Structure formats: structure tokens, C-alpha cells
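Next comes final33.txt, with compact mmCIF, C-alpha atoms and all ligand atoms.
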# COMPACT_ATOMS: atom_id res chain seq x y z
CA MET A 84 20.42 -15.07 17.30
CA GLY A 85 21.75 -13.60 20.53
CA PRO A 86 19.60 -11.80 23.13
CA VAL A 87 19.58 -8.58 21.05
CA PHE A 88 17.46 -7.64 18.05
CA PRO A 89 19.82 -7.30 15.08
CA HIS A 90 20.56 -3.62 14.39
CA LEU A 91 21.57 -4.08 10.75
CA HIS A 92 19.42 -6.04 8.26
CA LEU A 93 21.15 -6.68 4.96
CA ILE A 94 18.64 -7.42 2.20
CA THR A 95 20.00 -9.31 -0.81
CA GLY A 96 20.04 -7.75 -4.25
CA GLY A 97 22.50 -6.79 -6.97
CA GLN A 98 24.79 -8.92 -9.10
CA ASP A 99 26.57 -11.11 -6.57
CA PRO A 100 24.50 -11.36 -3.39
CA LEU A 101 26.44 -14.30 -1.93
CA ALA A 102 29.78 -12.47 -2.14
CA ALA A 103 28.25 -9.46 -0.40
CA VAL A 104 26.62 -11.63 2.27
CA ALA A 105 29.93 -13.43 2.91
CA ALA A 106 31.69 -10.07 3.25
CA ALA A 107 29.01 -8.77 5.61
CA VAL A 108 29.24 -11.85 7.83
CA ALA A 109 33.04 -11.51 7.85
CA ALA A 110 32.72 -7.85 8.88
CA ALA A 111 30.33 -8.70 11.71
CA SER A 112 32.62 -11.52 12.84
CA ARG A 113 35.63 -9.16 12.93
CA LEU A 114 33.64 -6.76 15.12
CA GLY A 115 32.28 -9.51 17.36
CA ALA A 116 28.83 -8.36 16.28
CA THR A 117 27.33 -11.33 14.47
CA ASP A 118 24.25 -11.11 16.71
CA ARG A 119 23.69 -7.56 15.44
CA LEU A 120 23.47 -8.61 11.78
CA ALA A 121 20.51 -10.19 9.99
CA ILE A 122 20.35 -11.25 6.36
CA GLN A 123 17.05 -11.09 4.48
CA VAL A 124 16.95 -13.13 1.28
CA ARG A 125 15.00 -11.09 -1.25
CA VAL A 126 14.68 -11.87 -4.95
CA GLU A 127 12.72 -10.10 -7.68
CA ASP A 128 9.23 -11.43 -8.43
CA HIS A 129 10.30 -13.05 -11.75
CA VAL A 130 12.86 -15.27 -10.04
CA THR A 131 11.72 -18.91 -9.79
CA ASP A 132 11.05 -20.58 -6.45
CA ARG A 133 13.86 -23.03 -7.26
CA ASP A 134 16.36 -20.19 -7.66
CA ALA A 135 15.03 -18.46 -4.56
CA TYR A 136 15.42 -21.71 -2.61
CA GLU A 137 19.00 -22.24 -3.84
CA LEU A 138 19.97 -18.69 -2.86
CA ALA A 139 18.31 -18.94 0.55
CA ASP A 140 20.01 -22.29 1.22
CA ALA A 141 23.41 -20.84 0.31
CA VAL A 142 22.81 -17.73 2.44
CA LEU A 143 21.79 -19.89 5.38
CA GLU A 144 25.03 -21.87 5.01
CA LEU A 145 26.97 -18.60 5.36
CA CYS A 146 24.88 -17.37 8.33
CA ARG A 147 24.25 -20.39 10.52
CA PRO A 148 27.85 -21.12 11.61
CA HIS A 149 28.09 -17.52 12.89
CA GLY A 150 24.64 -17.27 14.45
CA VAL A 151 23.59 -14.58 11.97
CA LEU A 152 19.79 -14.37 11.69
CA CYS A 153 18.47 -15.40 8.28
CA LEU A 154 15.04 -14.27 7.04
CA VAL A 155 13.30 -14.82 3.70
CA ASN A 156 11.30 -12.05 2.03
CA ASP A 157 7.77 -12.77 0.71
CA ARG A 158 8.17 -16.52 0.02
CA LEU A 159 7.43 -18.09 3.41
CA HIS A 160 7.35 -21.63 1.94
CA VAL A 161 10.99 -21.09 0.98
CA ALA A 162 11.75 -19.86 4.51
CA LEU A 163 10.25 -23.07 5.92
CA ALA A 164 11.91 -25.30 3.32
CA VAL A 165 15.43 -24.02 4.06
CA GLY A 166 14.94 -23.76 7.81
CA ALA A 167 15.36 -19.98 7.99
CA ASP A 168 14.71 -18.05 11.20
CA GLY A 169 11.64 -16.35 9.72
CA GLY A 170 10.26 -14.13 6.99
CA HIS A 171 9.04 -10.67 6.01
CA VAL A 172 5.68 -9.77 4.46
CA GLY A 173 4.24 -6.59 2.99
CA ALA A 174 0.99 -5.45 1.42
CA ALA A 175 1.34 -7.77 -1.59
CA ASP A 176 2.15 -10.83 0.52
CA LEU A 177 0.18 -13.05 2.92
CA PRO A 178 -1.61 -11.05 5.62
CA VAL A 179 0.38 -10.95 8.85
CA ALA A 180 -1.98 -13.29 10.75
CA ALA A 181 -1.79 -15.85 7.93
CA ALA A 182 1.98 -15.48 7.72
CA ARG A 183 2.20 -16.14 11.47
CA ARG A 184 0.14 -19.30 11.04
CA VAL A 185 2.45 -20.46 8.24
CA LEU A 186 5.69 -19.75 10.15
CA GLY A 187 4.53 -20.83 13.58
CA SER A 188 4.74 -19.02 16.91
CA SER A 189 8.52 -19.02 17.41
CA ALA A 190 9.63 -17.68 14.03
CA MET A 191 10.76 -14.09 13.45
CA LEU A 192 8.09 -12.37 11.32
CA GLY A 193 8.51 -8.88 9.91
CA ALA A 194 5.73 -6.77 8.43
CA THR A 195 5.89 -3.57 6.38
CA CYS A 196 3.92 -0.55 7.56
CA ARG A 197 4.07 3.24 7.32
CA ASP A 198 1.96 4.66 10.17
CA ALA A 199 1.03 4.12 13.81
CA ASP A 200 -2.36 2.47 13.19
CA ALA A 201 -0.89 -0.02 10.72
CA ALA A 202 1.94 -0.71 13.15
CA ARG A 203 -0.45 -1.48 16.01
CA ALA A 204 -2.57 -3.69 13.72
CA ALA A 205 0.45 -5.63 12.46
CA ARG A 206 1.66 -6.12 16.02
CA ARG A 207 -1.76 -7.42 17.08
CA ALA A 208 -1.77 -9.77 14.08
CA GLY A 209 1.52 -11.33 15.17
CA ALA A 210 4.43 -9.38 13.69
CA SER A 211 7.74 -9.64 15.60
CA TYR A 212 9.13 -6.43 14.07
CA LEU A 213 7.97 -3.76 11.63
CA GLY A 214 9.74 -2.58 8.48
CA VAL A 215 8.97 1.12 8.14
CA GLY A 216 9.79 3.15 5.08
CA PRO A 217 10.88 4.32 2.70
CA ALA A 218 12.80 6.53 5.12
CA PHE A 219 14.55 8.38 2.31
CA ALA A 220 14.44 8.34 -1.49
CA THR A 221 15.69 5.13 -3.09
CA THR A 222 15.99 3.71 -6.60
CA THR A 223 16.36 0.09 -5.45
CA LYS A 224 12.61 -0.46 -5.46
CA THR A 225 10.17 1.29 -7.78
CA GLY A 226 6.57 2.28 -7.11
CA LEU A 227 7.18 3.29 -3.50
CA PRO A 228 5.16 5.98 -1.71
CA ASP A 229 6.85 9.25 -0.76
CA PRO A 230 9.70 8.98 1.73
CA LEU A 231 8.55 9.25 5.36
CA GLY A 232 11.59 11.01 6.79
CA VAL A 233 13.14 10.49 10.20
CA ASP A 234 10.43 12.15 12.31
CA ALA A 235 7.58 10.04 10.88
CA ILE A 236 9.56 6.88 11.59
CA GLY A 237 9.98 8.12 15.16
CA VAL A 238 6.20 8.53 15.44
CA VAL A 239 5.68 4.90 14.42
CA ALA A 240 8.36 3.71 16.85
CA ALA A 241 6.69 5.61 19.69
CA ALA A 242 3.33 4.02 18.85
CA VAL A 243 4.63 0.49 19.38
CA PRO A 244 7.37 0.82 22.03
CA ASP A 245 7.52 -2.96 22.58
CA THR A 246 8.10 -3.77 18.89
CA PRO A 247 11.38 -3.28 17.04
CA ILE A 248 11.16 -0.87 14.12
CA VAL A 249 13.47 -1.50 11.16
CA ALA A 250 13.86 1.64 9.06
CA ILE A 251 14.34 0.98 5.36
CA GLY A 252 14.83 2.95 2.17
CA GLY A 253 17.86 5.03 1.20
CA VAL A 254 19.70 4.12 4.40
CA THR A 255 23.44 4.77 4.52
CA ALA A 256 26.18 4.85 7.18
CA LYS A 257 25.69 8.64 7.24
CA ASN A 258 21.95 8.67 7.99
CA ALA A 259 21.60 5.44 10.00
CA ALA A 260 22.49 6.94 13.39
CA GLY A 261 19.75 9.55 13.03
CA LEU A 262 17.18 6.81 12.45
CA ARG A 263 18.34 4.97 15.56
CA ALA A 264 18.23 8.19 17.56
CA ALA A 265 14.64 8.73 16.39
CA GLY A 266 13.65 5.35 17.83
CA ALA A 267 14.34 2.78 15.14
CA ALA A 268 15.75 -0.42 16.65
CA ALA A 269 17.47 -1.26 13.38
CA VAL A 270 18.02 -0.28 9.78
CA ALA A 271 17.72 -2.35 6.61
CA VAL A 272 19.85 -1.78 3.53
CA VAL A 273 20.23 -3.11 0.03
CA GLY A 274 22.35 -0.74 -2.04
CA ALA A 275 24.64 0.59 0.69
CA ILE A 276 26.22 -2.87 0.92
CA MET A 277 25.12 -4.81 -2.16
CA ASN A 278 26.38 -2.04 -4.47
CA ALA A 279 29.46 -1.14 -2.39
CA THR A 280 32.92 -1.52 -3.96
CA ASP A 281 34.00 -2.89 -0.56
CA PRO A 282 30.98 -4.57 1.09
CA LEU A 283 33.05 -5.67 4.09
CA ARG A 284 34.08 -2.07 4.88
CA ALA A 285 30.55 -0.82 4.12
CA THR A 286 29.13 -3.33 6.62
CA GLU A 287 31.67 -2.34 9.28
CA GLU A 288 30.73 1.34 8.83
CA LEU A 289 27.01 0.56 9.09
CA LEU A 290 27.43 -1.68 12.15
CA GLU A 291 29.45 1.07 13.84
CA ALA A 292 26.82 3.67 12.87
CA VAL A 293 23.96 1.68 14.43
CA ALA A 294 25.83 0.39 17.52
C1 LIG A 301 12.95 -4.77 6.86
C2 LIG A 301 12.07 -4.66 5.67
N1 LIG A 301 11.15 -3.67 5.61
C3 LIG A 301 10.35 -3.56 4.51
C4 LIG A 301 10.48 -4.45 3.45
C5 LIG A 301 9.59 -4.34 2.22
O1 LIG A 301 8.81 -5.49 2.16
P1 LIG A 301 7.56 -5.49 1.16
O2 LIG A 301 6.68 -4.34 1.48
O3 LIG A 301 6.95 -6.85 1.20
O4 LIG A 301 8.19 -5.24 -0.26
P2 LIG A 301 9.20 -6.24 -1.01
O5 LIG A 301 10.48 -6.24 -0.20
O6 LIG A 301 8.52 -7.59 -1.00
O7 LIG A 301 9.37 -5.67 -2.38
C6 LIG A 301 11.42 -5.47 3.55
N2 LIG A 301 11.56 -6.37 2.53
N3 LIG A 301 12.21 -5.57 4.66
C1 LIG A 302 12.65 -3.42 -0.42
C2 LIG A 302 12.39 -2.02 -0.02
N1 LIG A 302 11.23 -1.65 0.60
C3 LIG A 302 11.14 -0.35 0.89
S1 LIG A 302 12.56 0.47 0.34
C4 LIG A 302 13.27 -0.98 -0.25
C5 LIG A 302 14.60 -1.00 -0.91
C6 LIG A 302 15.69 -0.45 -0.02
O1 LIG A 302 16.89 -0.46 -0.77
P1 LIG A 302 18.07 0.59 -0.46
O2 LIG A 302 18.61 0.27 0.90
O3 LIG A 302 19.06 0.34 -1.57
O4 LIG A 302 17.45 1.97 -0.52
MG MG A 303 6.93 -8.34 -0.07
Output the file's structure in the form of C-alpha cells.
Amino acid sequence: MGPVFPHLHLITGGQDPLAAVAAAVAAASRLGATDRLAIQVRVEDHVTDRDAYELADAVLELCRPHGVLCLVNDRLHVALAVGADGGHVGAADLPVAAARRVLGSSAMLGATCRDADAARAARRAGASYLGVGPAFATTTKTGLPDPLGVDAIGVVAAAVPDTPIVAIGGVTAKNAAGLRAAGAAAVAVVGAIMNATDPLRATEELLEAVA
């Protein structure tokens, strides 16, 4: 990863995640912005560790030659096994301090939170960045709390000025700039790219929106 924190985090999902990841890496390469893209390998809970490992290994093969950051959601043992750059944990995963012990001090570790106190606590426990959302309504993940909206994400960003905030949930090329303007260092998307008819173009539009 270059000296910047990636502004666009693509989280895998949908029918053909590898094709979408390849398109996203190609888009970032065309824009000379591979250090502004991160890929987070995320699979549904019913997916086996073996299948999660195979996907993560294939994603890493697409990312590494271009210096695109590769993170693994939830399954930190898979992140370690494939040699990913780090992982992301939320309320149903290892606590942040435990996750930091598993990944070691140099790995990138993201943690989900929704308010300033949780953000400060996650930072103290060792999180490198914070995933904050859902920003807007989304159907990609069920059982989510009410959307926070742009202003609430700005409040969390202001509470931890030294920690990158990644806004997630219903993010599109149209609303991404507003999240950045509110203080988010980055945005994370699933559907805007994974469900796009042209994931390469969708990635270009999102990278331009968060530049
Ligand atoms: C960047 C980013 N932010 C939040 C999440 C959500 O993680 P989590 O709360 O662990 O929920 P699942 O993704 O595991 O369903 C994320 N993955 N990435
Ligand atoms: C995993 C996750 N956590 C909070 S919202 C979300 C899904 C985001 O998907 P989309 O970008 O399609 O709204
Ligand atoms: Mg999780």
C-alpha cells in the first residue's frame, strides 16, 4: 500500500466477485490510483473456511502485483493463512484487542462502530481504521440498525481525527463525495460495484468521486 489510506474499499459479494475485483483493479490501474483501492474479502457465514481461503488467495493474486491492499472480513485465520494485509471485525467477531493480537502489530485492522465512544474505544483497543455505518439504507446486509446519515458519520470522524473512517452502507458514486466532505477518509461498497453492469466504469466513477 502506498503512503495514503485507500479511499475506496471494495467488499466482495454477488455472483462473480473475482471478475468484479479484476475489473476494479484494472480501473484503479488505468487511473494510476491502485494505492487508493482496497479489496475486502467478505463471504456469507455459511461459506466454508476452505472456500473463503480459496477466494481470498485468488483475490490476493489479483491485488498483490498492483499493490492493492487486501483485507479479509471476520475470518482472521484466513487473513493470516493467505498473507493478506489485514482484516476487519465487528460486533459478532473477535474483540478488537484480540484481533490485534491475532494479526500482529503491523497489520491493517478495521473495526465496525457507530458512535464516538465506540470509535474511541476501538482505537484504544488497536483498530487501524473504523467502518462506520450504515450511512444510508441498504439491502446488501439484513438486520442492520437505522442508517446514520452523513452528519452522524461526521461526528464520529471528528471524535477520532487521527483514525481513518470508512463510511459504509448504501454508498454510491453520487453520495460518496458528501461522505468524504463530512470527514470520512474512505467509503466501502458492495453493490455499487459488485452488482454493476460495468464494474470497471463503476469503480472509475467511485474513485473519481472520492479523490
Ligand atoms: C469497512 C467496513 N465497515 C463495516 C463492515 C461490517 O463489518 P461487520 O460489522 O463485522 O459485519 P459483516 O461485514 O461481518 O457482516 C465491514 N465489513 N467493512
Ligand atoms: C457489510 C455491511 N456492513 C454495514 S452495511 C454493509 C453492506 C454494504 O453493502 P452496499 O455497499 O451494497 O450497501
Ligand atoms: Mg463481521
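Excluding stretch 254-270 of chain A itself and same-chain residues fewer than 3 positions from it, the residues having an atom within 8 Å of it are A:Phe88, A:Pro89, A:His90, A:Leu91, A:His92, A:Ala218, A:Phe219, A:Val233, A:Asp234, A:Ile236, A:Gly237, A:Ala240, A:Ala241, A:Pro247, A:Ile248, A:Val249, A:Ala250, A:Ile251, A:Ala275, A:Ala285, A:Glu288, A:Leu289, A:Ala292, A:Val293, counting only C-alpha atoms.
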Step by step, gather every atom of ligand LIG 302 (chain A) that the file lists, find the box along x, y and z that holds them, add 6 Å on each side, and finally give centre and edge lengths in Å to one decimal, as AutoDock Vina command-line options.
--center_x 15.1 --center_y -0.7 --center_z -0.3 --size_x 19.9 --size_y 17.4 --size_z 14.5
Mind running chain A against ligand LIG 301 (chain A) at 7 Å and telling me each contacting residue's nearest atom pair with the distance in Å (one decimal), counting all atoms listed in the file, chain and number ascending, as JSON lines?
{"residue": "A:His92", "atom": "CA", "partner": "A:LIG301", "partner_atom": "C1", "distance": 6.7}
{"residue": "A:Arg125", "atom": "CA", "partner": "A:LIG301", "partner_atom": "O5", "distance": 6.7}
{"residue": "A:Asn156", "atom": "CA", "partner": "A:LIG301", "partner_atom": "N2", "distance": 5.7}
{"residue": "A:Asp157", "atom": "CA", "partner": "A:LIG301", "partner_atom": "O6", "distance": 5.5}
{"residue": "A:His171", "atom": "CA", "partner": "A:LIG301", "partner_atom": "N2", "distance": 6.1}
{"residue": "A:Val172", "atom": "CA", "partner": "A:LIG301", "partner_atom": "O3", "distance": 4.6}
{"residue": "A:Gly173", "atom": "CA", "partner": "A:LIG301", "partner_atom": "O3", "distance": 3.3}
{"residue": "A:Ala174", "atom": "CA", "partner": "A:LIG301", "partner_atom": "O2", "distance": 5.8}
{"residue": "A:Ala175", "atom": "CA", "partner": "A:LIG301", "partner_atom": "O3", "distance": 6.3}
{"residue": "A:Asp176", "atom": "CA", "partner": "A:LIG301", "partner_atom": "O3", "distance": 6.3}
{"residue": "A:Gly193", "atom": "CA", "partner": "A:LIG301", "partner_atom": "C1", "distance": 6.8}
{"residue": "A:Ala194", "atom": "CA", "partner": "A:LIG301", "partner_atom": "N1", "distance": 6.9}
{"residue": "A:Thr195", "atom": "CA", "partner": "A:LIG301", "partner_atom": "C3", "distance": 4.8}
{"residue": "A:Leu213", "atom": "CA", "partner": "A:LIG301", "partner_atom": "N1", "distance": 6.8}
{"residue": "A:Gly214", "atom": "CA", "partner": "A:LIG301", "partner_atom": "N1", "distance": 3.4}
{"residue": "A:Val215", "atom": "CA", "partner": "A:LIG301", "partner_atom": "N1", "distance": 5.8}
{"residue": "A:Gly216", "atom": "CA", "partner": "A:LIG301", "partner_atom": "C3", "distance": 6.8}
{"residue": "A:Lys224", "atom": "CA", "partner": "A:LIG301", "partner_atom": "O7", "distance": 6.9}
{"residue": "A:Val249", "atom": "CA", "partner": "A:LIG301", "partner_atom": "C1", "distance": 5.4}
{"residue": "A:Ala250", "atom": "CA", "partner": "A:LIG301", "partner_atom": "C1", "distance": 6.8}
{"residue": "A:Ile251", "atom": "CA", "partner": "A:LIG301", "partner_atom": "N1", "distance": 5.6}
{"residue": "A:Ala271", "atom": "CA", "partner": "A:LIG301", "partner_atom": "C1", "distance": 5.4}
Kindly provide, as JSON, numbers by chain, the polymer residues lying within 12 Å of (9.8, 6.6, -2.6), counting all atoms listed in the file and using the coordinates exactly as they appear in the file.
{"A": [197, 216, 217, 218, 219, 220, 221, 222, 223, 224, 225, 226, 227, 228, 229, 230, 231, 232, 251, 252, 253]}
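Omitting stretch 200-204 of chain A and its sequence neighbours fewer than 2 positions away, and counting all atoms listed in the file, the residues within 7 Å are Cys196, Arg197, Asp198, Arg206, Arg207, Ala208, Leu213, Val239 and Val243 of chain A.
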Counting all atoms listed in the file, find the residues whose atoms lie at most 10 Å from (22.6, -7.4, 4.5) (file coordinates) and write them out as a ChimeraX atom specification.
/A:91-96,100,103-108,120-124,153,270-277,282,286
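Compared by their closest atoms to ligand MG 303 (chain A), and using only C-alpha atoms and all ligand atoms, the residues A:Arg147, A:Arg284, A:Arg158, A:His129 rank with A:Arg158 nearest.
Counting only C-alpha atoms and all ligand atoms and comparing A:Gly209, A:Asn278, A:Val161, A:Glu287, the residue that lies closest to ligand LIG 302 (chain A) is A:Asn278.
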Between atom CA of A:Ala102 and atom CA of A:His160, distance in Å (one decimal)
24.6 Å
Computed interatomic separation between atom C3 of ligand LIG 302 (chain A) and atom CA of A:Asp128 (Å):
14.6 Å
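Atom pair atom CA of A:Asp99 / atom CA of A:Arg113 has a distance of 21.6 Å (rounded to one decimal).
Restricting the calculation to all atoms listed in the file, the smallest distance between ligand MG 303 (chain A) and any of A:Leu283, A:Leu186, A:Asp140, A:Val179 is found for A:Val179.
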